[in-house]
Every structure is written in C-alpha cells, then in structure tokens.
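> Below is one structure. I have some questions about it.
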Amino acid sequence: MPNDNTPILIGTGLTVQKEKDAQKAKSPMALLAEAATRAITDAALDKAHIDTVAGIRFVTDSPEGRNLPFGKYNNIALSVARHLGIEPGQSLIAATGGNSPQMMINELAERIANGDVGTAMLVGGEGLGSIMRALGQGVDHTNTPGWNDEVDGPREEIGVEKDGCSPVERRHMLYYPVNYYPIFENALRHHLGRDMPTHMHKLGELMQPFTEIAAQNEYSWFPVARSAEEIATVSDDNRLVGYPYPKYMNSVIRVDQASAVILTSVGKAREMGIDESKWVYLHGCAEANDIWNPIERPELHRSHAMNGMAKLALTMADWAVDDIDYFDLYSCFPVAVEVACREMGIDENDPRPFTVTGGLPYFGGAGNAYTLMSVALMAQKLRANPGSKGFCNGNGWFLTKHSLGLYSTTPFEGAWQRQAPSVLQGQIDAMDKLPFVDEANGAGTIESYTVAHVAGKDADGIIIGRLESGERFCAHMTKEGGQIDRLMAEDGIGMTGTLAVNDGKLNIFTPDN
C-alpha cells in the first residue's frame, strides 16, 4: 500500500494542429488550453481542485525568438488556467530547455510529497508553426485575442536560465544546436573508430524505427515511415543541414503541438475519487547539468550528467535498465540518442524501441516541451499495459541540461523522496574544466567539426580543436583553396594547421599543406 503523500500522475492530454490557413489557426494558448482540457477530462477531475499550475516556455520566450510580434506570454500556465476558469494559488514557469518538462514533474512531485502542493497541472507546447506561417502569409495576430497575453499573478521560476555557451562559441556560430550537435557526432564517430560511410549507415539504422513509430502516432507532425538509407542519404528532399546530418536527422521545431499532465498524491486522488486505473507512479527521477560550456568539456562525446542521473534514478526506483519495457530517449539529433545509450547502459542494438512518440525529427520537436508529450504518451502506454515500466529523459541546450523520470502503474512502496539535485550537481561542478582561448593564434589540431549549410549562404566549416599548449579553441575553416569541401571529403579530425584572428574577431584555421 503506497503512502498517502506519494506523488502520482492522474491525467494526460495532447493535441496537434496542422491548419495551413493562418487566419483559421488556433493560438498557442488555445492549443495548450485544449490539451489541458483533455487532461482534466482524462482524469475525470473537478478542475477546482487544481491549486498549482506550471508552464514550459515557448520559443518566443528565448533570445532568438523574442523579436517575433506574437505568441508571447509572460506566464503561460496562469494564462491557460484563467482561460479555463481556474484561479490557482501557485504558478511556476520552467527555464528554457528540453529537460524542463521532466525537471518540472520532479519538482512538482517533491512538493506534492512534502504537502506543499495538492493537485498540479503542467502545460507545454509550441506554436511556432502557425506563428511563422502567419508571418509568411502576411497575417498579423498581434492584437488577435489569445495570441499574446500579459497577466498579473504568482510566478515562480524553476531551473537555470542563462546563455547556453560562452561568447567565443556564440561568435563562431555554435549558439545553434544544428551546428553543435554535429560536432558531438563527429567526435563520437572518431572515438568509435568509424569512417563516415559506416557511421552514416549506423545512424540511418538507429533512426529508422523512430519513423515507423511516428507514422503510427496520431499526434505526429511527420507521420511518414522511412528506410535507413533514405534517412542517411543526402538528396533534394534531404539536404545537408550540419555535416554529417541531413534534414531527416534534425529536430523539427516549426510545429503546433501541445500537452498537459496532472499530478496529485495518492491520498488526494482517493479523496477526489480518481479511478486507480489512471494512476501512474514516478518511481525514480533525477536531473543534472553537464559542464555548462561545451568548449570546456574534456570529452566532446561524453555526458557525465546523464551517467550519474541514470544511476541515481534507477537506484531510487530499485530498477535495472534491463527491467525497462518502454523508452523515450530524447532525440533532437542522433548523437543525443547515442550518448544516452552509452551513458545509461543501453545497448544501441537493443530490440526495445527507443521512443513512444516517434522522436523529435519525426513526431515533432516542440521547442522546450517535447518531453511533456513523451511523458503523456508514456503514461498512456503504461496504463494500457499495467505493471510495465517506462523511461523518459530530456535534454536542453547542447547536451547540457538533463532530466530523467521512471514510471509505472505498479505502486511505489515506502516513503517517496528524491535526492537533492544539488548533490549530483556538486559532483559535476567539481570536475576539471578544459581551458580555452578567446583568440587563437599559432599551431592547432582539429578535434571535431561540422560544415554548416544555411539556405542562401555558402557552406561554413566550424571547428573545435586544441592548440599546442592543450587549450581549446573554436574557429572557422578558411574559405580559401576548397578546404571547407575537404572537411566533407575526408576525415578532418586530427588535421593540423595554423590559426589567426581576422578583422571580424573570428579565429580562422588554415590547414598545413
């Protein structure tokens, strides 16, 4: 018999919008309200019992999206609550990052166990698809009801909100995930000793099952099953984005999707008459940040936070990886899946599917909120298969911020208590960081790289490497002599050259003859 204060998930709701006419499209807030209504209905809950609401930031709340004219909400959870006629006593908002939904679930679960929250609703999604479509069609939603909302009321911020990399990384175009994740991929490929054709074949095989699951999911943005060869082969429809990744290996963020979950305690659920068939227990959880700036990480193919987090959550649940029935591994890019497998003790050839949604490139990468959708769908899958076990992880910035939740309909026995996140975080913060330079001059060696392909612009080689002194640098490949194409024709890792700073304060790498 679980304790009365044990936290449980009791309601889930999801929705997707594919309306092409920007005049007819629902606002991002309306999508969240629809998902929240579905979660309330799913739990058969009187919405008056919800005393706490929490929200996930939209892309329009991030530095690169703040200039967009609509889709802006200062307290999205409170906006949705008031839209539904709920006036909660507490409202929380999560920091930017794909780790945020699971992090918020962990936070709410602890507050429920401590008696600080009775019943909570967490909402999140993304409306960038309709926002960009409206801008493209010349539709101005600035003053359309629901497309912007500024509300007064309680608002507590949870998590770390700051730039995802150092100024020198930003200056060299490494502020964009489509540029940094391919650098991690090439570092991992080199660590594994693979040539590029072999590695690309492996990536196609890794991601192909994701597309099959996306094709069967009613909420998927791209419900299309693709072959491993189609995913891995560059074509007119599958152009290069950041070498070695073609389009079909990149998360898609221009989507209209939303999700909501409702949490409470066992005791409260009994008081409210919530059917036990709806109860899903959070058996284990953890979160941690890796060394914040990727340029300071001694190994570009590792995540010590993922490793420690998995051990902590599995110990809390008293589970082993082999006990898991269903996974949803965060899949913004293939390397996120590969690193999760390696750090969390999962064989990449494991026959168990690595997703319940279809993954961010195919199901849809709803900004910061994807993991909320994976948790909602995981809960539905576990309810349909009582006693089974589920594993959901989230990832923010550049393999930087991580969260993990282990779920089952099997009751959690004993006192529910998570280890303070500061314990694991303290261990990671104490790790040695690699020194780096702002301006790189002299001899250096390429440690990893990518070639960025931005529509309408020339390809650009972006490099992470080491000076002879051992300090890290980031740089652009010289545009002279076809050297950028060379990075895609042969393995650039280990290439030596000379660095100099140009007039634009960019470090330029010129290979030796």
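Labels for the structure tokens follow display order: chains A, B, ..., residues from 1 in each chain, ligands from 1.
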Within 10 Å of region 484-498 of chain A, which residues of region 113-196 of chain A show up? Give each one with its shortest atom-to-atom distance in Å (one decimal) and the two atoms involved, counting only C-alpha atoms, rows by chain then rising residue number, as CSV.


```
residue,atom,partner,partner_atom,distance
A:Asn186,CA,A:Ile493,CA,8.2
A:Ala187,CA,A:Ile493,CA,8.2
A:His190,CA,A:Ile493,CA,7.5
A:Asp195,CA,A:Asp491,CA,7.7
A:Met196,CA,A:Asp491,CA,7.6
```

> Keeping all heavy atoms for every residue in the selection just given, could you write it to a file as a compact mmCIF listing (two decimals), in the first residue's frame?


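Written out: again-v5.txt:
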```
# COMPACT_ATOMS: atom_id res chain seq x y z
N ASN A 186 30.55 13.94 -34.77
CA ASN A 186 31.85 13.61 -35.35
C ASN A 186 32.85 13.20 -34.29
O ASN A 186 33.69 12.32 -34.52
CB ASN A 186 32.38 14.81 -36.16
CG ASN A 186 31.89 14.81 -37.59
OD1 ASN A 186 31.75 13.75 -38.20
ND2 ASN A 186 31.64 15.98 -38.14
N ALA A 187 32.77 13.80 -33.10
CA ALA A 187 33.66 13.40 -32.01
C ALA A 187 33.38 11.96 -31.59
O ALA A 187 34.31 11.18 -31.35
CB ALA A 187 33.48 14.34 -30.82
N HIS A 190 34.64 9.50 -34.29
CA HIS A 190 36.09 9.33 -34.20
C HIS A 190 36.45 8.45 -33.01
O HIS A 190 37.33 7.58 -33.11
CB HIS A 190 36.76 10.70 -34.08
CG HIS A 190 38.24 10.64 -34.02
ND1 HIS A 190 39.02 10.38 -35.12
CD2 HIS A 190 39.11 10.80 -32.98
CE1 HIS A 190 40.29 10.40 -34.77
NE2 HIS A 190 40.37 10.64 -33.48
N ASP A 195 34.70 5.11 -40.10
CA ASP A 195 34.74 6.06 -41.21
C ASP A 195 33.33 6.60 -41.41
O ASP A 195 32.36 6.09 -40.87
CB ASP A 195 35.29 5.40 -42.48
CG ASP A 195 34.46 4.20 -42.95
OD1 ASP A 195 33.21 4.23 -42.82
OD2 ASP A 195 35.06 3.24 -43.45
N MET A 196 33.22 7.68 -42.19
CA MET A 196 31.93 8.34 -42.32
C MET A 196 30.85 7.46 -42.98
O MET A 196 29.72 7.41 -42.49
CB MET A 196 32.07 9.66 -43.08
CG MET A 196 30.78 10.47 -43.11
SD MET A 196 30.13 10.83 -41.45
CE MET A 196 31.29 12.08 -40.92
```

> Using only C-alpha atoms, which residues sit within 9 Å of Gly345 (chain A) once same-chain residues fewer than 2 positions away are excluded, as a list in words?

Asn307, Ala310, Val321, Ala340, Cys341, Arg342, Glu343 and Asp347 of chain A

> Just to be explicit: take each residue in the selection above, keep N, CA and C atoms, and write the result as an mmCIF file, in the first residue's frame.


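The result, written out as again_2.cif:
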```
data_model
loop_
_atom_site.group_PDB
_atom_site.id
_atom_site.type_symbol
_atom_site.label_atom_id
_atom_site.label_comp_id
_atom_site.auth_asym_id
_atom_site.auth_seq_id
_atom_site.Cartn_x
_atom_site.Cartn_y
_atom_site.Cartn_z
ATOM 1 N N ASN A 307 25.120 10.005 -17.125
ATOM 2 C CA ASN A 307 25.596 8.806 -16.454
ATOM 3 C C ASN A 307 25.187 8.803 -14.986
ATOM 4 N N ALA A 310 21.233 8.643 -14.441
ATOM 5 C CA ALA A 310 20.622 7.328 -14.633
ATOM 6 C C ALA A 310 20.864 6.428 -13.424
ATOM 7 N N VAL A 321 18.314 -1.260 -15.834
ATOM 8 C CA VAL A 321 17.967 -0.905 -17.214
ATOM 9 C C VAL A 321 17.254 -2.059 -17.910
ATOM 10 N N ALA A 340 23.029 8.964 -24.816
ATOM 11 C CA ALA A 340 22.155 8.446 -23.759
ATOM 12 C C ALA A 340 22.331 6.938 -23.605
ATOM 13 N N CYS A 341 22.373 6.238 -24.712
ATOM 14 C CA CYS A 341 22.567 4.778 -24.641
ATOM 15 C C CYS A 341 23.890 4.433 -23.975
ATOM 16 N N ARG A 342 24.944 5.086 -24.387
ATOM 17 C CA ARG A 342 26.274 4.768 -23.868
ATOM 18 C C ARG A 342 26.392 5.113 -22.394
ATOM 19 N N GLU A 343 25.810 6.245 -21.988
ATOM 20 C CA GLU A 343 25.959 6.688 -20.599
ATOM 21 C C GLU A 343 24.987 5.997 -19.652
ATOM 22 N N ASP A 347 22.139 -0.869 -24.747
ATOM 23 C CA ASP A 347 22.803 -1.303 -25.975
ATOM 24 C C ASP A 347 22.113 -0.643 -27.168
#
```

> Please list as a count of residues only every residue within 10 Å of Val375 (chain A), counting only C-alpha atoms and excluding residues in the same chain fewer than 2 positions away.

27

> Give me the region 14-104 of chain A side of the contact with region 113-120 of chain A, cut-off 6 Å, one line per residue showing its nearest atom pair and distance in Å at one decimal, counting only C-alpha atoms, sorted by chain and residue number, as CSV.


```
residue,atom,partner,partner_atom,distance
A:Ile50,CA,A:Thr119,CA,4.9
A:Asp51,CA,A:Thr119,CA,5.8
A:Thr52,CA,A:Ala120,CA,4.6
A:Val53,CA,A:Ala120,CA,5.5
```

> Counting only C-alpha atoms, figure out which residue out of A:Met173, A:Leu382, A:Ala22, A:Cys165 gets nearest to Gly136 (chain A).

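Of all the options, A:Ala22 lies closest to Gly136 (chain A).
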
> Might you pull out every residue within 12 Å of Ala94 (chain A), with only C-alpha atoms counted and same-chain residues fewer than 6 positions away left off, and present them as a count of residues only?

34

> Calculate how many Å separate CA of Gly426 (chain A) from CA of Met344 (chain A), rounding to one decimal.

19.7 Å

> Write out, as a tab-separated table, each residue of region 12-59 of chain A that has an atom at most 8 Å from region 139-147 of chain A, together with the closest pair of atoms and their distance in Å to one decimal, counting only C-alpha atoms, rows going by chain and rising number.


```
residue	atom	partner	partner_atom	distance
A:Ala22	CA	A:Val139	CA	6.7
A:Gln23	CA	A:Val139	CA	6.9
A:Ser27	CA	A:Trp147	CA	5.3
A:Pro28	CA	A:Trp147	CA	6.8
A:Met29	CA	A:Gly146	CA	6.1
A:Ala30	CA	A:Gly146	CA	6.9
```

> Name the residues in contact with Gly267 (chain A) at a cut-off of 12 Å, using only C-alpha atoms, excluding same-chain residues fewer than 3 positions from it; report them as a PDB file with C-alpha atoms, in the first residue's frame.


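Everything below was put into selection_25.pdb:
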```
ATOM      1  CA  MET A   1       0.000   0.000   0.000  1.00  0.00           C
ATOM      2  CA  PRO A   2       1.582   3.320  -1.083  1.00  0.00           C
ATOM      3  CA  ASN A   3       1.786   6.196   1.370  1.00  0.00           C
ATOM      4  CA  ASP A   4      -0.896   8.873   1.083  1.00  0.00           C
ATOM      5  CA  ASN A   5       1.658  11.537   0.140  1.00  0.00           C
ATOM      6  CA  THR A   6       3.155   9.501  -2.732  1.00  0.00           C
ATOM      7  CA  PRO A   7       3.015  11.591  -5.943  1.00  0.00           C
ATOM      8  CA  ILE A   8       1.170  10.193  -8.949  1.00  0.00           C
ATOM      9  CA  ILE A 112       3.312  17.075  -3.510  1.00  0.00           C
ATOM     10  CA  ALA A 113       5.181  14.578  -1.320  1.00  0.00           C
ATOM     11  CA  GLY A 115       2.489  18.630   1.256  1.00  0.00           C
ATOM     12  CA  GLY A 118      -2.226  19.373  -3.603  1.00  0.00           C
ATOM     13  CA  THR A 119      -3.037  18.957  -7.298  1.00  0.00           C
ATOM     14  CA  LEU A 263      -0.281  15.289 -10.763  1.00  0.00           C
ATOM     15  CA  THR A 264      -1.519  14.783  -7.238  1.00  0.00           C
ATOM     16  CA  ARG A 270      -8.659   8.853  -3.246  1.00  0.00           C
ATOM     17  CA  GLU A 271     -10.422  11.904  -1.795  1.00  0.00           C
ATOM     18  CA  MET A 272     -11.291  13.134  -5.296  1.00  0.00           C
ATOM     19  CA  GLY A 273     -12.441   9.689  -6.422  1.00  0.00           C
ATOM     20  CA  ILE A 274      -9.878   9.356  -9.224  1.00  0.00           C
ATOM     21  CA  GLU A 276      -6.885   3.892  -9.808  1.00  0.00           C
ATOM     22  CA  TRP A 279      -2.639   6.357 -11.586  1.00  0.00           C
TER      23      TRP A 279
END
```

> Write out as JSON, numbers by chain which residues come within 6 Å of Tyr73 (chain A) when counting only C-alpha atoms, dropping same-chain ones fewer than 3 positions away.

{"A": [76, 148, 149, 150]}
